[in-house]
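Dropping entry_12.csv in here (CSV, C-alpha atoms):
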```
chain,number,residue,atom,x,y,z
A,1,MET,CA,-2.8,6.6,-19.9
A,2,ASN,CA,0.2,4.7,-21.2
A,3,ARG,CA,2.0,7.9,-21.9
A,4,VAL,CA,1.1,10.0,-18.8
A,5,GLY,CA,0.3,7.3,-16.2
A,6,ILE,CA,-2.7,7.0,-14.0
A,7,THR,CA,-2.2,10.2,-12.0
A,8,GLY,CA,-1.5,12.3,-15.1
A,9,LEU,CA,-4.5,11.2,-17.1
A,10,ARG,CA,-7.1,13.9,-18.0
A,11,ILE,CA,-10.4,13.5,-19.7
A,12,GLY,CA,-9.5,16.3,-22.1
A,13,GLN,CA,-6.5,14.4,-23.3
A,14,VAL,CA,-8.6,11.3,-23.9
A,15,ALA,CA,-11.2,13.4,-25.8
A,16,ASP,CA,-8.4,14.9,-27.9
A,17,GLU,CA,-6.9,11.4,-28.6
A,18,ALA,CA,-10.3,10.0,-29.6
A,19,GLU,CA,-11.1,13.1,-31.6
A,20,CYS,CA,-14.3,13.7,-29.7
A,21,THR,CA,-15.7,16.1,-27.1
A,22,ARG,CA,-15.2,15.8,-23.4
A,23,GLN,CA,-19.0,15.3,-23.1
A,24,ASN,CA,-18.8,12.3,-25.4
A,25,VAL,CA,-16.1,10.7,-23.1
A,26,HIS,CA,-18.3,11.5,-20.1
A,27,ARG,CA,-21.2,9.8,-21.8
A,28,TYR,CA,-19.4,6.5,-21.3
A,29,PHE,CA,-17.3,7.4,-18.2
A,30,ALA,CA,-18.9,9.7,-15.7
A,31,THR,CA,-15.6,10.4,-14.0
A,32,ARG,CA,-11.9,10.2,-14.6
A,33,ARG,CA,-11.8,7.4,-12.0
A,34,ASP,CA,-14.4,5.4,-14.0
A,35,LEU,CA,-12.3,5.7,-17.1
A,36,VAL,CA,-9.1,4.7,-15.3
A,37,GLU,CA,-10.8,1.7,-13.7
A,38,ALA,CA,-12.2,0.6,-17.0
A,39,VAL,CA,-8.7,0.7,-18.6
A,40,LEU,CA,-7.2,-1.2,-15.6
A,41,ALA,CA,-9.9,-3.8,-15.6
A,42,HIS,CA,-9.4,-4.3,-19.3
A,43,ARG,CA,-5.6,-4.6,-18.9
A,44,SER,CA,-6.0,-6.8,-15.8
A,45,ALA,CA,-8.2,-9.3,-17.6
A,46,ARG,CA,-5.1,-11.1,-18.9
A,47,LEU,CA,-4.0,-11.5,-15.3
A,48,ALA,CA,-7.3,-13.0,-14.3
A,49,GLU,CA,-7.2,-15.4,-17.3
A,50,ALA,CA,-3.7,-16.5,-16.4
A,51,VAL,CA,-4.8,-17.2,-12.8
A,52,ALA,CA,-8.0,-19.1,-14.0
A,53,LYS,CA,-5.9,-21.3,-16.3
A,54,GLN,CA,-3.5,-22.2,-13.4
A,55,LEU,CA,-6.3,-22.8,-10.9
A,56,LYS,CA,-8.1,-25.2,-13.3
A,57,GLY,CA,-5.0,-27.3,-13.8
A,58,GLU,CA,-3.9,-30.4,-11.9
A,59,GLY,CA,-2.2,-30.7,-8.6
A,60,LYS,CA,-2.9,-29.5,-5.1
A,61,PRO,CA,-5.2,-26.5,-4.9
A,62,LEU,CA,-2.8,-24.2,-3.1
A,63,ASP,CA,0.0,-25.2,-5.4
A,64,ARG,CA,-2.2,-24.2,-8.3
A,65,LEU,CA,-2.9,-20.9,-6.6
A,66,VAL,CA,0.8,-20.3,-6.2
A,67,GLU,CA,1.4,-21.0,-9.9
A,68,GLY,CA,-1.5,-18.6,-10.7
A,69,ILE,CA,0.1,-15.8,-8.7
A,70,ILE,CA,3.4,-16.5,-10.5
A,71,ALA,CA,1.8,-16.4,-13.9
A,72,ALA,CA,-0.1,-13.2,-13.1
A,73,THR,CA,2.9,-11.4,-11.7
A,74,ASP,CA,5.1,-12.5,-14.6
A,75,ILE,CA,2.5,-11.2,-17.1
A,76,ALA,CA,2.2,-7.9,-15.2
A,77,ALA,CA,6.0,-7.5,-14.9
A,78,GLY,CA,6.4,-8.3,-18.6
A,79,ASP,CA,3.8,-5.8,-19.9
A,80,ARG,CA,5.4,-2.4,-20.0
A,81,HIS,CA,2.0,-0.6,-19.6
A,82,LEU,CA,0.9,-2.7,-16.6
A,83,ARG,CA,4.4,-2.4,-15.1
A,84,SER,CA,4.2,1.4,-15.4
A,85,TYR,CA,0.9,1.3,-13.5
A,86,TYR,CA,2.5,-0.5,-10.6
A,87,SER,CA,5.4,1.9,-10.3
A,88,GLY,CA,6.1,5.6,-9.5
A,89,ALA,CA,3.2,7.9,-8.8
A,90,SER,CA,0.6,5.4,-10.1
A,91,ALA,CA,1.5,2.6,-7.6
A,92,ASP,CA,-0.8,3.8,-4.8
A,93,ARG,CA,-3.7,4.2,-7.3
A,94,MET,CA,-3.1,0.7,-8.7
A,95,LEU,CA,-3.0,-0.9,-5.3
A,96,HIS,CA,-6.2,0.8,-4.4
A,97,PHE,CA,-7.8,-0.4,-7.7
A,98,ILE,CA,-6.6,-4.0,-7.1
A,99,THR,CA,-8.0,-4.1,-3.6
A,100,THR,CA,-11.3,-2.4,-4.3
A,101,SER,CA,-12.3,-3.1,-7.9
A,102,THR,CA,-15.6,-5.0,-8.0
A,103,GLU,CA,-15.1,-6.0,-11.6
A,104,LEU,CA,-11.5,-7.4,-11.1
A,105,ARG,CA,-12.6,-9.1,-7.9
A,106,GLU,CA,-15.5,-10.8,-9.6
A,107,ARG,CA,-13.3,-12.1,-12.4
A,108,VAL,CA,-10.9,-13.8,-9.9
A,109,ALA,CA,-13.4,-14.6,-7.1
A,110,ALA,CA,-15.2,-17.3,-9.1
A,111,ASN,CA,-11.9,-19.2,-9.4
A,112,ILE,CA,-10.9,-18.6,-5.8
A,113,ASP,CA,-14.3,-19.9,-4.7
A,114,GLY,CA,-13.5,-23.2,-6.6
A,115,ILE,CA,-10.3,-23.5,-4.5
A,116,VAL,CA,-12.2,-22.7,-1.3
A,117,ASP,CA,-14.7,-25.5,-2.1
A,118,GLU,CA,-12.0,-27.9,-3.2
A,119,ILE,CA,-10.1,-27.6,0.1
A,120,GLY,CA,-13.3,-27.8,2.1
A,121,LEU,CA,-12.8,-24.4,3.8
A,122,ARG,CA,-16.5,-23.5,3.6
A,123,HIS,CA,-17.4,-26.5,5.6
A,124,GLN,CA,-14.7,-25.8,8.2
A,125,GLY,CA,-15.8,-22.2,8.5
A,126,ALA,CA,-12.1,-21.3,8.5
A,127,ILE,CA,-12.0,-18.6,5.8
A,128,SER,CA,-14.6,-17.3,3.4
A,129,GLY,CA,-14.1,-17.0,-0.3
A,130,SER,CA,-14.1,-13.2,-0.1
A,131,GLU,CA,-11.4,-13.3,2.6
A,132,LEU,CA,-9.3,-15.7,0.5
A,133,THR,CA,-9.8,-13.5,-2.6
A,134,GLU,CA,-8.6,-10.5,-0.5
A,135,TRP,CA,-5.6,-12.5,0.7
A,136,PHE,CA,-4.8,-13.4,-2.9
A,137,PHE,CA,-4.8,-9.8,-4.0
A,138,ARG,CA,-2.5,-8.8,-1.2
A,139,ILE,CA,-0.1,-11.7,-2.0
A,140,PHE,CA,-0.2,-10.8,-5.7
A,141,VAL,CA,0.8,-7.1,-5.0
A,142,SER,CA,3.6,-8.3,-2.7
A,143,GLU,CA,4.9,-10.7,-5.3
A,144,LEU,CA,4.7,-8.2,-8.0
A,145,VAL,CA,6.7,-5.7,-6.0
A,146,TRP,CA,9.3,-8.4,-5.4
A,147,VAL,CA,9.4,-9.3,-9.0
A,148,LEU,CA,9.9,-5.7,-10.1
A,149,THR,CA,12.6,-4.9,-7.5
A,150,THR,CA,14.6,-8.1,-6.8
A,151,GLN,CA,16.0,-11.1,-8.5
A,152,ARG,CA,14.9,-14.5,-7.1
A,153,SER,CA,14.8,-18.0,-8.6
A,154,LEU,CA,11.5,-19.5,-9.6
A,155,GLU,CA,11.9,-22.1,-6.8
A,156,GLU,CA,12.5,-19.4,-4.2
A,157,ARG,CA,9.4,-17.6,-5.4
A,158,ARG,CA,7.4,-20.8,-5.1
A,159,ARG,CA,8.7,-21.5,-1.6
A,160,ASN,CA,7.9,-18.0,-0.4
A,161,LEU,CA,4.5,-18.0,-2.0
A,162,ARG,CA,3.6,-21.4,-0.5
A,163,ILE,CA,4.2,-19.9,3.0
A,164,LEU,CA,2.2,-16.8,2.2
A,165,VAL,CA,-0.7,-18.6,0.5
A,166,ALA,CA,-1.1,-21.1,3.3
A,167,SER,CA,-0.5,-18.8,6.3
A,168,PRO,CA,-4.2,-17.8,7.0
A,169,LEU,CA,-5.4,-21.4,6.7
A,170,PRO,CA,-5.9,-23.9,9.6
A,171,GLN,CA,-3.0,-26.3,10.2
A,172,SER,CA,-5.0,-29.3,8.9
A,173,VAL,CA,-5.6,-27.6,5.6
A,174,GLN,CA,-2.0,-26.4,5.4
A,175,SER,CA,-0.7,-29.9,5.8
A,176,ALA,CA,-3.0,-31.3,3.1
A,177,ALA,CA,-2.2,-28.5,0.7
A,178,TYR,CA,1.5,-29.4,0.1
A,179,LEU,CA,2.8,-32.1,-2.2
A,180,GLU,CA,5.0,-34.8,-0.8
A,181,GLY,CA,8.6,-33.7,-0.7
A,182,GLN,CA,7.7,-30.0,-0.5
A,183,PRO,CA,8.6,-28.0,2.6
A,184,GLU,CA,6.3,-28.2,5.5
A,185,ALA,CA,3.7,-25.6,5.9
A,186,PRO,CA,4.4,-22.9,8.5
A,187,GLN,CA,3.3,-23.8,12.1
A,188,SER,CA,0.4,-21.8,13.5
```
Can you turn what I pasted into structure tokens?
Amino acid sequence: MNRVGITGLRIGQVADEAECTRQNVHRYFATRRDLVEAVLAHRSARLAEAVAKQLKGEGKPLDRLVEGIIAATDIAAGDRHLRSYYSGASADRMLHFITTSTELRERVAANIDGIVDEIGLRHQGAISGSELTEWFFRIFVSELVWVLTTQRSLEERRRNLRILVASPLPQSVQSAAYLEGQPEAPQS
């Protein structure tokens, strides 16, 4: 997969590399899609771990989420294999995987749920954990595309991400989410 990309991967190639039969590969992965998603989930585990580490840190919840997104995109952009999955013909497939993978979503959702509870969103009925997880994935993909295609300072990245992360939240939550001295949250 690292050599031929997501769209070029064939079960026969995997069997040849593993020196086994196609049937043996299919014993573990019923379809090519199952194999691709298993590889992507394994590779993406580092991203989920980086986010988890940032989310359990200190500071305001949404600032920790911003730092988690930065850490995850920097890891993805710095890993030549992950970077190749997010570019060229594989980009659409990777986007689909990120937004639909149950395994990847479950890895990150537990951490996102902690943020939802910490900011009190569940009690306000403002946004569900699954909606916030979905929003996180969309922001991650946007930030990764920016990282791979443009040069921006870390402070500019943080400023842009603060706006994106807070935008679906009620104004009262947005105001509480920012540290003193940071730019005001966007107005609804």
Point to revise | Close residues, Glu143 (chain A) itself excluded, 8 Å, all atoms listed in the file, min 6 positions apart in chain, as a list in words | key: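 Surrounding residues, per the criterion: Ile69, Ile70 and Thr73 of chain A.
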Check your understanding: Which of these, A:Lys60, A:Arg157, A:Arg27, A:His42, has the shortest distance to Ala15 (chain A) once you count all atoms listed in the file?
Key -> A:Arg27
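The gap separating CA of Ala50 (chain A) from CA of Met1 (chain A) is 23.4 Å, in Å to one decimal.
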**Study point:** Using only C-alpha atoms: which of A:Arg105, A:Arg10, A:Arg152, A:Arg33 has the shortest distance to Glu131 (chain A)
**Key:** A:Arg105
Practice item. State, in Å with one decimal place, the distance from CA of Gln54 (chain A) to CA of Gly114 (chain A). Key: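 So the answer is 12.1 Å.
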Check your understanding: Out of A:Met94, A:Leu47, A:Ile139, A:Leu144, which residue has the shortest atom-to-atom distance to Ile6 (chain A) when counting only C-alpha atoms?
Key ->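 That would be A:Met94, the residue with the smallest distance to Ile6 (chain A).
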Could you add whatever atoms are missing so that region 44-55 of chain A carries N, CA, C and O atoms, then write the result as an mmCIF file, in the frame of the given file?
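After the write, out.cif holds the following:
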```cif
data_model
loop_
_atom_site.group_PDB
_atom_site.id
_atom_site.type_symbol
_atom_site.label_atom_id
_atom_site.label_comp_id
_atom_site.auth_asym_id
_atom_site.auth_seq_id
_atom_site.Cartn_x
_atom_site.Cartn_y
_atom_site.Cartn_z
ATOM 1 N N SER A 44 -6.151 -5.784 -16.844
ATOM 2 C CA SER A 44 -6.000 -6.800 -15.800
ATOM 3 C C SER A 44 -6.700 -8.122 -16.188
ATOM 4 O O SER A 44 -6.499 -9.137 -15.536
ATOM 5 N N ALA A 45 -7.509 -8.099 -17.219
ATOM 6 C CA ALA A 45 -8.200 -9.300 -17.600
ATOM 7 C C ALA A 45 -7.229 -10.433 -17.958
ATOM 8 O O ALA A 45 -7.485 -11.604 -17.646
ATOM 9 N N ARG A 46 -6.090 -10.078 -18.574
ATOM 10 C CA ARG A 46 -5.100 -11.100 -18.900
ATOM 11 C C ARG A 46 -4.562 -11.744 -17.596
ATOM 12 O O ARG A 46 -4.286 -12.937 -17.568
ATOM 13 N N LEU A 47 -4.431 -10.962 -16.538
ATOM 14 C CA LEU A 47 -4.000 -11.500 -15.300
ATOM 15 C C LEU A 47 -4.991 -12.508 -14.729
ATOM 16 O O LEU A 47 -4.647 -13.603 -14.286
ATOM 17 N N ALA A 48 -6.252 -12.121 -14.769
ATOM 18 C CA ALA A 48 -7.300 -13.000 -14.300
ATOM 19 C C ALA A 48 -7.385 -14.280 -15.103
ATOM 20 O O ALA A 48 -7.590 -15.375 -14.560
ATOM 21 N N GLU A 49 -7.198 -14.169 -16.416
ATOM 22 C CA GLU A 49 -7.200 -15.400 -17.300
ATOM 23 C C GLU A 49 -6.061 -16.291 -16.961
ATOM 24 O O GLU A 49 -6.221 -17.510 -16.955
ATOM 25 N N ALA A 50 -4.883 -15.727 -16.700
ATOM 26 C CA ALA A 50 -3.700 -16.500 -16.400
ATOM 27 C C ALA A 50 -3.952 -17.295 -15.052
ATOM 28 O O ALA A 50 -3.631 -18.481 -14.927
ATOM 29 N N VAL A 51 -4.525 -16.604 -14.081
ATOM 30 C CA VAL A 51 -4.800 -17.200 -12.800
ATOM 31 C C VAL A 51 -5.858 -18.344 -12.987
ATOM 32 O O VAL A 51 -5.707 -19.459 -12.483
ATOM 33 N N ALA A 52 -6.909 -18.052 -13.747
ATOM 34 C CA ALA A 52 -8.000 -19.100 -14.000
ATOM 35 C C ALA A 52 -7.388 -20.307 -14.624
ATOM 36 O O ALA A 52 -7.734 -21.428 -14.234
ATOM 37 N N LYS A 53 -6.501 -20.129 -15.579
ATOM 38 C CA LYS A 53 -5.900 -21.300 -16.300
ATOM 39 C C LYS A 53 -5.098 -22.137 -15.267
ATOM 40 O O LYS A 53 -5.195 -23.359 -15.280
ATOM 41 N N GLN A 54 -4.333 -21.497 -14.410
ATOM 42 C CA GLN A 54 -3.500 -22.200 -13.400
ATOM 43 C C GLN A 54 -4.422 -22.917 -12.380
ATOM 44 O O GLN A 54 -4.155 -24.028 -11.966
ATOM 45 N N LEU A 55 -5.489 -22.241 -11.963
ATOM 46 C CA LEU A 55 -6.300 -22.800 -10.900
ATOM 47 C C LEU A 55 -7.137 -24.003 -11.407
ATOM 48 O O LEU A 55 -7.551 -24.830 -10.612
#
```
